[in-house]
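Only one structure is covered here, and it is reproduced in the block below.
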Protein chains: 4
Amino acid sequence: MSAQTQLSTHATTISRIVGSVVDAGRDILAKRRQNASLSAPSTELVAQCRELLEHRGEASGLALASEICDRFQTFDESDYHNFFECLATEFDVDNGDILQASSHYREEPSFYNLNALAKSVEAPRLKLFRRLNMAPNGTHVLVELRGHLLPLLKSKPHWRGVDTDLRHLFVSWFNKGFLEMRRIDWNSPAQVLEKIIDYEAVHEISGWDDLRNRLHQDRMCFAFFHPAMPDDPLVFVEIALTRGMPDAIAPLLSQDREQTEQHKFDTVVFYSISNCHPGLAGVSFGNFLIKHVVEEVRQEIPGIKTFVTLSPVPGFRSWLQQAEIGELVAGELADRVREPVTEVIAADVRDALMKLCAHYLLQVKSGTLAKDPVARFHLGNGAQLHRLNWGADLSAKGKEQSAGIMVNYLYDLDKIEVNHDAYFDQGEISASKAVRKLL
Amino acid sequence: MSAQTQLSTHATTISRIVGSVVDAGRDILAKRRQNASLSAPSTELVAQCRELLEHRGEASGLALASEICDRFQTFDESDYHNFFECLATEFDVDNGDILQASSHYREEPSFYNLNALAKSVEAPRLKLFRRLNMAPNGTHVLVELRGHLLPLLKSKPHWRGVDTDLRHLFVSWFNKGFLEMRRIDWNSPAQVLEKIIDYEAVHEISGWDDLRNRLHQDRMCFAFFHPAMPDDPLVFVEIALTRGMPDAIAPLLSQDREQTEQHKFDTVVFYSISNCHPGLAGVSFGNFLIKHVVEEVRQEIPGIKTFVTLSPVPGFRSWLQQAEIGELVAGELADRVREPVTEVIAADVRDALMKLCAHYLLQVKSGTLAKDPVARFHLGNGAQLHRLNWGADLSAKGKEQSAGIMVNYLYDLDKIEVNHDAYFDQGEISASKAVRKLL
Amino acid sequence: MSAQTQLSTHATTISRIVGSVVDAGRDILAKRRQNASLSAPSTELVAQCRELLEHRGEASGLALASEICDRFQTFDESDYHNFFECLATEFDVDNGDILQASSHYREEPSFYNLNALAKSVEAPRLKLFRRLNMAPNGTHVLVELRGHLLPLLKSKPHWRGVDTDLRHLFVSWFNKGFLEMRRIDWNSPAQVLEKIIDYEAVHEISGWDDLRNRLHQDRMCFAFFHPAMPDDPLVFVEIALTRGMPDAIAPLLSQDREQTEQHKFDTVVFYSISNCHPGLAGVSFGNFLIKHVVEEVRQEIPGIKTFVTLSPVPGFRSWLQQAEIGELVAGELADRVREPVTEVIAADVRDALMKLCAHYLLQVKSGTLAKDPVARFHLGNGAQLHRLNWGADLSAKGKEQSAGIMVNYLYDLDKIEVNHDAYFDQGEISASKAVRKLL
Amino acid sequence: MSAQTQLSTHATTISRIVGSVVDAGRDILAKRRQNASLSAPSTELVAQCRELLEHRGEASGLALASEICDRFQTFDESDYHNFFECLATEFDVDNGDILQASSHYREEPSFYNLNALAKSVEAPRLKLFRRLNMAPNGTHVLVELRGHLLPLLKSKPHWRGVDTDLRHLFVSWFNKGFLEMRRIDWNSPAQVLEKIIDYEAVHEISGWDDLRNRLHQDRMCFAFFHPAMPDDPLVFVEIALTRGMPDAIAPLLSQDREQTEQHKFDTVVFYSISNCHPGLAGVSFGNFLIKHVVEEVRQEIPGIKTFVTLSPVPGFRSWLQQAEIGELVAGELADRVREPVTEVIAADVRDALMKLCAHYLLQVKSGTLAKDPVARFHLGNGAQLHRLNWGADLSAKGKEQSAGIMVNYLYDLDKIEVNHDAYFDQGEISASKAVRKLL
């Protein structure tokens, strides 16, 4: 084969074809609407949604779904409000239908009546969402939609049904059986790397140089992807390979760090896990990702024995400000531990903060589970609370939230199931002696 | 880079990793069960299903799902019976729960009570299926499961709820937004091609040589795939590129056919569409596939103007045997048209059969739609009943089912939406003058 | 992304583009030649070759190269003869030029005169071949060309220069640094698998079922590819994973063999190595392939400790028929060992044949190296002559050539370099005690 | 398939394997050298080169090649000098051998003697380079080596033979039949994009944002790659899609430019072509790339009719400083046109500069070809000198070299072969009337 041409126009080709089906449909739609007068984006969009729900023709149905998806890009806040309101009312379940169906079922609990009842409790918006999902980029649009919805629920509790339905779909669509784990490295498409920079939520990536630094030979990054959003990670974890367990974050992130030789690594450090899409809140994959990564790295680098995190304690100081700590620290120390953390800290304050932090992590609960969100995540995965590190994160955020303390949670594969069960069944937190001693 | 090694062990690597997570979990499971006494596969499997439903640990949960999936391979008919019976009873909805939830909802139709009602009508087996889907190959196992179930429903109507739930999941998982169209050619993996040979349902493929013949330059094949079953097509269509509209199937399938030059093709003939998985019955993609293929081919070979099928009339002769045809054909002809079709047919019988076939396709309905399943499919897509071809399929099956007649359904992109609407709204069948004349 | 389309039309796209460049050039060529009268393919082709050599325009040059490459497909034996004759004469070096250039160099051995001399000894056909290589499929065409040439050299010694030049190019183009090792399995493109069936030279593959049998989980296949012939392997090796060293070929090839569990394998058996292109004779890669495969398998299945062949002794019986063996076997036994090998062999004949075979392998040389070609290959790679197996290949060919004996050559990675050096420096063959004892 | 893992560790795997072969060889080498005393890198490297030349064992040969390749990374200027000196002397041809071989040939011009003569004029370093190429990254190392060599040739003319041999190999290895054209876009690996930033030679890319700007929907980038350097482009061209022919560079590079709708583009502008490796000087592919890109874009965007460059005139002002221009411009204008170009230029100077530039491009030759290197490239490709644009490049470099003038060379596919022939045969430059008028 002479001078081959391998074009990365794959995506182009694909969207061109779907695009053509869409275009063909668009013409048909246009003819139907010649006299339609256009009004606010959300009003028109609702009309289109009604049309899509009743629609049967494939090509124009796809065109319609596609138009609706495009239209969201022009939405402002009030459009979203109007649309959510409509989803929550017009496209909601019909109370009368449910009552009737449940009456029938009560009279005769037959297969037919059960189906009718099940159908009556399913809001029409579910069907709408399923049809929107057929559009190119439909899945992404719906995930974004829920991202817009969630922060508004507090003030609009009657929109919760919309959230329930979207979440219901996402739990089904993002079933772990459908996810794909990929390694992210300097050979990954710029399009994906750019998103890693954007999404990093724990230790900000300052640009392409910093990113490259985090993808060196002594670093790794893994992400879950969904086939319908192939360039857009769902969750990713950043890893450092080290010799020994690290007790501070700065050396891990340093661009000038010394390079250890590959065969000397004995430890994997998970130092950052980021969920990428607010709209997927409650559709968890992080725990699964960590376990897959552990298996992956164990096979690739057999010498590695220790899997550990270096994690913040993000809820520590805000808890501290309002907690009753009189029994734990005496006198004026109780005031001093609440002061902003500075570079220089008196030894007694330091000891008190370490003790309080151990207390916070081990004994402060929300329900039966740890109050601290990061602790809740790792303990729920079956990890052990292994070590508290003083002065481990001296960034502004680190001092403000965690008093500069960072925690190593240990993933000991032989024990994570036992830990997991003990945690959920008896609310028991697995912790090393060293941590218990701090109390 | 010196002598590079590009191994197609990708799949191996993947399954090795998931396998390791599974293995790790298996050890844990083994410890828990040391004293379990094993009985019939289905009994044990039901016990495992119970365990999986209540399970929380990820690793051992995945191991459990995987064990269950593997176990189906050892199932005989009685095991399936036991298992379906159990799914239909033990894992069914709880009548009492539904009645209670509907009472509460009746008293107060709140968000909370609606959710509770919705939950009560969802059978626990749905959750079981979702968890099974996490196993490697889980999706495939569930599709097979429904394939086993469907033929049994007639004699076991109380298993219909199991079918409903599986179908519900499949409609969600196999949303068209998640499907991937791929071209199948001689460069495709043998693993996929082997399945094409197995699955071809219309005109059997006699082996690898015949397959290769159908993938020549004047032939094409397209299939839909789902990301969770990447080597296993869902539905595929076989295409011939021709000069002029074909009036018989044998020349299309001939391995000795003359090769037309690429630029002389003006017609695309869809001569075979096969659904691959009985377990996906009712989760339709065929219509969508044809439209995508039309767009694809239009772009790749701009010279092609006509898109047409060459299709059997599979229900014709069985209808003919029992139909009242006195008004259509007179006297003893009414008997002769019902005789087996042979190589030599009298002209009056031929004319009568063509007339009867046109009548059957245009006027014999099941509800408001065409009775013939192939006609129903293409007319439902908006195609036109374009031409009846006498002596077009002289295979045993062709003569037995269709009296050797084959039909060209025409896909005229400008008219398919209009045809589609007229067909579904007024039950009106689009047909060419030539076909109407036959009546 | 809605219903994605991933087409394997990559290759099509590529050839379409190159094709367009070619087409554009073709038009130009056509205009130039309007009055050309066409004669025998080879006459015309030679004219085109002259044109190509003098050509400067890129597009039409590529078109010309492409036309020439296509034309070979219509060649019969006499065309090849004419063409080779022309290559050997018209496109040969110019004796006068060489003499003049060497005179100049003799007078003044300057950089300039050296270059001129070097240029004069380079035949114009080299440039022709380089230009032909630019055509799509050019590399393949040239490899085929040499495949046609080689068998003719004996009767046409003055064509040897043509061979020398092609071989010179191939040694440069097929430098090991450019080769790519790929694993062949049931996921490989049918196009490649079909070639494996065709090319297998040692133990014929009887069809797709047999091939699939050789790609099961307990078998492997690896090949070298060149980027310019991406669907066409250069050399491949077939491997069996076994428990223990095998002593016969039939069980390895059996389609009914029992499946050993993966973790019980301890041995890799190379049971077939095939060079795919006669035109690449003398451009060896087999040794390199075996070593790469050993490394590859060691990493993938760490439990494997033994790497061994199961090889024929193809030259044994033809040597035996004409060798002086009086000193080795006495009396009438010397005649009986020469008789055709049947199913039942007397013990004394068997012992004598084993002894003679050991003698043949260890002491019969061609120059300083082993006379048997298979022995020469493996010993040259540094393998050890490890075991002779009686009755190991009872196929007609096996009995006819090797008296049914097969040999295990052992690849002991710690010793292959030492063995290699001893073999080439002192002509010393590494052999196990067991083999030496046979003498 | 449950949560798949697709790792981009391909490259890792590959280098691990080759690495293992290398490692195995390294141990062997180490044993042999236990008593070797190490000296300067270049001294030791020369010793290794000698060893490699005489070497036969594959594994340790590969290890040796690999060690040598690695060692270059530690080279300073004096090491390179020593090494080149050694290549030019110790690894040069043997004058005596040549004279003897040419004597023998003179006596009897046989096949054998011709081969011997051909062999004698081939310096041993050629074999050395071929063996080095087997190492991972060997091709790249050799390309870099020539990159170091070329600037030194002026002061070391006796090293020219080294250059000749490397170039000879590269012409063979980088045969256009082996190159691969790829589209570069935002989906390309960061590793490749980073190199595009580094290599851009015409209009510097200021960073990742600027790069992204050049890969927007209205821009394209294509590159040639060689399979042995898969992440490292050889030459690339940057393209702008525009409406109408552009007359200045700044709007093309602007990050704030307005986006034209895709279907309105009618022109392709090649605004930058960069060769990536100085070591490949004289192994040209740029012309071929442009023609491939033209075909590619014509197929992808059929609406595009005009293919044109926007090119500098890099040699204009340095020629102007020393040219005899008295006949072209009169009096003191002759001085003023030589002054540095500023933002504000008098009309008479502008007109004179345009005239002089047209003169320079059309009538100033180096031999029979255009003196200006950019003109020489495009005219040699068969392009037409179409338009001169005043004030088209107001960057410092643009004013300094080209007096701010830029040229549109037009690629009219119907005429490039005719133009090409006229240019090389009669030295005739194809130019538009508008340009001729300037004279």
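Residues are named by chain letter and number: chains run A, B, ... in the order of the structure tokens, numbers start at 1 in each chain, and ligands are numbered from 1 in the order shown.
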
Selection: 6 Å around range 186-199 of chain A, only C-alpha atoms, excl. self and same-chain fewer than 3 positions, as an NGL selection string: (:A and (205 or 231 or 276)) or (:D and (186-191))

DSSP-assigned alpha helix (DSSP H) members of range 151-180 of chain D, reported as JSON, numbers by chain: {"D": [160, 161, 162, 163, 164, 165, 166, 167, 168, 169, 170, 171, 172, 173]}

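Near Ala346 in chain C, within 12 Å and counting only C-alpha atoms, sit C:Leu333, C:Arg336, C:Val337, C:Glu339, C:Ala352, C:Leu353; same-chain residues fewer than 6 positions away were not included.
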
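The protein and nucleic acid residues lying at most 8 Å from Leu356 in chain A are Leu328, Ala352, Tyr360 and Leu439 of chain A, with only C-alpha atoms considered and sequence neighbours fewer than 4 positions away removed.
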
Just-selected residues, N, CA, C and O atoms written as a PDB file, in the first residue's frame:
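Output (part_4.pdb):
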ATOM      1  N   LEU A 328     -12.714  16.671  74.985  1.00  0.00           N
ATOM      2  CA  LEU A 328     -11.517  16.204  74.270  1.00  0.00           C
ATOM      3  C   LEU A 328     -10.312  17.105  74.516  1.00  0.00           C
ATOM      4  O   LEU A 328      -9.195  16.631  74.698  1.00  0.00           O
ATOM      5  N   ALA A 352      -3.380  18.422  69.714  1.00  0.00           N
ATOM      6  CA  ALA A 352      -4.831  18.469  69.933  1.00  0.00           C
ATOM      7  C   ALA A 352      -5.579  18.305  68.602  1.00  0.00           C
ATOM      8  O   ALA A 352      -6.582  17.586  68.527  1.00  0.00           O
ATOM      9  N   TYR A 360     -12.820  12.900  65.009  1.00  0.00           N
ATOM     10  CA  TYR A 360     -13.783  13.251  63.961  1.00  0.00           C
ATOM     11  C   TYR A 360     -13.973  12.096  62.978  1.00  0.00           C
ATOM     12  O   TYR A 360     -15.100  11.738  62.621  1.00  0.00           O
ATOM     13  N   LEU A 439      -6.365   8.926  69.866  1.00  0.00           N
ATOM     14  CA  LEU A 439      -7.557   9.310  70.653  1.00  0.00           C
ATOM     15  C   LEU A 439      -7.193   9.562  72.108  1.00  0.00           C
ATOM     16  O   LEU A 439      -6.664   8.751  72.791  1.00  0.00           O
TER      17      LEU A 439
END

Which of range 110-359 of chain B fall in strand (DSSP E), as a ChimeraX atom specification: /B:180-183,219-225,235-242,267-275,306-309

For the residues in the current selection, export N, CA and C atoms as a compact mmCIF listing (two decimals), in the first residue's frame.
# COMPACT_ATOMS: atom_id res chain seq x y z
N GLU B 180 -24.32 0.81 17.60
CA GLU B 180 -23.19 1.17 16.75
C GLU B 180 -23.36 0.40 15.44
N MET B 181 -23.39 1.13 14.35
CA MET B 181 -23.47 0.44 13.06
C MET B 181 -22.06 0.16 12.55
N ARG B 182 -21.81 -1.07 12.14
CA ARG B 182 -20.50 -1.40 11.58
C ARG B 182 -20.69 -2.10 10.24
N ARG B 183 -19.75 -1.84 9.37
CA ARG B 183 -19.74 -2.58 8.12
C ARG B 183 -19.04 -3.91 8.35
N ARG B 219 -21.08 -6.48 -3.11
CA ARG B 219 -21.97 -6.82 -2.02
C ARG B 219 -21.57 -6.02 -0.79
N MET B 220 -22.48 -5.84 0.12
CA MET B 220 -22.17 -5.15 1.37
C MET B 220 -22.97 -5.80 2.48
N CYS B 221 -22.50 -5.60 3.68
CA CYS B 221 -23.22 -6.11 4.83
C CYS B 221 -23.02 -5.11 5.97
N PHE B 222 -24.10 -4.76 6.62
CA PHE B 222 -24.03 -3.83 7.75
C PHE B 222 -24.75 -4.44 8.94
N ALA B 223 -24.25 -4.13 10.12
CA ALA B 223 -24.88 -4.69 11.32
C ALA B 223 -24.91 -3.65 12.43
N PHE B 224 -25.87 -3.81 13.32
CA PHE B 224 -25.87 -3.05 14.58
C PHE B 224 -25.22 -3.90 15.66
N PHE B 225 -24.41 -3.24 16.48
CA PHE B 225 -23.79 -3.89 17.63
C PHE B 225 -24.12 -3.08 18.89
N VAL B 235 -28.48 -7.31 14.62
CA VAL B 235 -29.28 -7.44 13.42
C VAL B 235 -28.35 -7.06 12.28
N PHE B 236 -28.50 -7.74 11.14
CA PHE B 236 -27.65 -7.33 10.02
C PHE B 236 -28.44 -7.43 8.73
N VAL B 237 -27.99 -6.67 7.76
CA VAL B 237 -28.65 -6.63 6.47
C VAL B 237 -27.62 -6.91 5.40
N GLU B 238 -27.99 -7.74 4.44
CA GLU B 238 -27.10 -8.03 3.32
C GLU B 238 -27.59 -7.28 2.09
N ILE B 239 -26.66 -6.75 1.34
CA ILE B 239 -26.95 -5.84 0.24
C ILE B 239 -26.26 -6.32 -1.02
N ALA B 240 -26.97 -6.19 -2.14
CA ALA B 240 -26.32 -6.37 -3.43
C ALA B 240 -26.34 -5.04 -4.17
N LEU B 241 -25.22 -4.69 -4.78
CA LEU B 241 -25.19 -3.55 -5.68
C LEU B 241 -25.46 -4.08 -7.09
N THR B 242 -26.41 -3.53 -7.77
CA THR B 242 -26.75 -4.06 -9.09
C THR B 242 -26.96 -2.93 -10.09
N THR B 267 -28.32 0.64 -8.31
CA THR B 267 -29.36 0.14 -7.41
C THR B 267 -28.74 -0.59 -6.21
N VAL B 268 -29.35 -0.35 -5.06
CA VAL B 268 -29.00 -1.11 -3.87
C VAL B 268 -30.16 -2.05 -3.56
N VAL B 269 -29.85 -3.33 -3.41
CA VAL B 269 -30.88 -4.32 -3.11
C VAL B 269 -30.65 -4.90 -1.71
N PHE B 270 -31.61 -4.67 -0.82
CA PHE B 270 -31.58 -5.33 0.48
C PHE B 270 -32.20 -6.71 0.28
N TYR B 271 -31.39 -7.75 0.29
CA TYR B 271 -31.98 -9.07 -0.01
C TYR B 271 -32.08 -9.97 1.20
N SER B 272 -31.60 -9.50 2.34
CA SER B 272 -31.72 -10.34 3.54
C SER B 272 -31.53 -9.49 4.79
N ILE B 273 -32.48 -9.58 5.72
CA ILE B 273 -32.33 -8.92 7.01
C ILE B 273 -32.55 -9.97 8.08
N SER B 274 -31.59 -10.11 8.98
CA SER B 274 -31.70 -11.15 10.00
C SER B 274 -31.56 -10.57 11.39
N ASN B 275 -32.54 -10.85 12.24
CA ASN B 275 -32.37 -10.58 13.66
C ASN B 275 -31.58 -11.72 14.25
N THR B 306 -31.54 4.15 -6.52
CA THR B 306 -32.67 3.30 -6.16
C THR B 306 -32.32 2.38 -5.01
N PHE B 307 -33.18 2.37 -3.99
CA PHE B 307 -33.01 1.47 -2.86
C PHE B 307 -34.24 0.58 -2.78
N VAL B 308 -34.01 -0.72 -2.87
CA VAL B 308 -35.13 -1.61 -3.05
C VAL B 308 -34.82 -2.93 -2.35
N THR B 309 -35.85 -3.66 -1.97
CA THR B 309 -35.60 -4.99 -1.40
C THR B 309 -35.89 -6.05 -2.44

What are the closest atom pairs, with distances in Å to one decimal, for each residue of chain C lying within 7 Å of chain D, using only C-alpha atoms, rows by chain and rising residue number, as a tab-separated table?
residue	atom	partner	partner_atom	distance
C:Ile17	CA	D:Glu296	CA	6.2
C:Ser20	CA	D:Glu295	CA	6.6
C:Val21	CA	D:Glu295	CA	6.7
C:Gly57	CA	D:Glu417	CA	6.2
C:Leu99	CA	D:Arg106	CA	6.6
C:Ser102	CA	D:Ser102	CA	6.2
C:Arg106	CA	D:Leu99	CA	6.6
C:Ala118	CA	D:Val121	CA	5.9
C:Val121	CA	D:Ala118	CA	5.9
C:Asn133	CA	D:Gly177	CA	5.6
C:Met134	CA	D:Gly177	CA	4.0
C:Ala135	CA	D:Gly177	CA	6.5
C:Trp173	CA	D:Trp173	CA	6.0
C:Asn175	CA	D:Met134	CA	6.9
C:Lys176	CA	D:Met134	CA	5.5
C:Gly177	CA	D:Met134	CA	4.0
C:Phe178	CA	D:Ala228	CA	5.8
C:Pro227	CA	D:Pro227	CA	6.6
C:Ala228	CA	D:Phe178	CA	5.8
C:Glu295	CA	D:Ile17	CA	6.2
C:Glu296	CA	D:Ile17	CA	6.2
C:Glu417	CA	D:Gly57	CA	6.2
C:His420	CA	D:Gly57	CA	6.8

Top pick for closest residue to Arg146 in chain C, considering C:Val407, C:Leu280, C:Cys86, C:Ile68 and counting only C-alpha atoms: C:Leu280

Atomic separation - CA of Lys264 in chain C relative to CA of Ala375 in chain C, Å: 29.7 Å

Residue neighbourhood Phe316 in chain D, 9 Å, only C-alpha atoms, exclusion window fewer than 6 positions, as a ChimeraX atom specification: /D:356-357,360-361,372,401-403

Selection: 8 Å around Ala123 in chain A, only C-alpha atoms, excl. self and same-chain fewer than 2 positions, as a PyMOL selection string: chain A and resi 91-94+120-121+125-127+165

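Taking only C-alpha atoms, the non-local environment of Ile325 in chain D within 10 Å (same-chain residues fewer than 2 positions away omitted) comprises Leu320, Gln321, Gln322, Ala323, Glu327, Leu328, Val329, Ala330, Ala334, Asp335, Leu356 and His359 of chain D.
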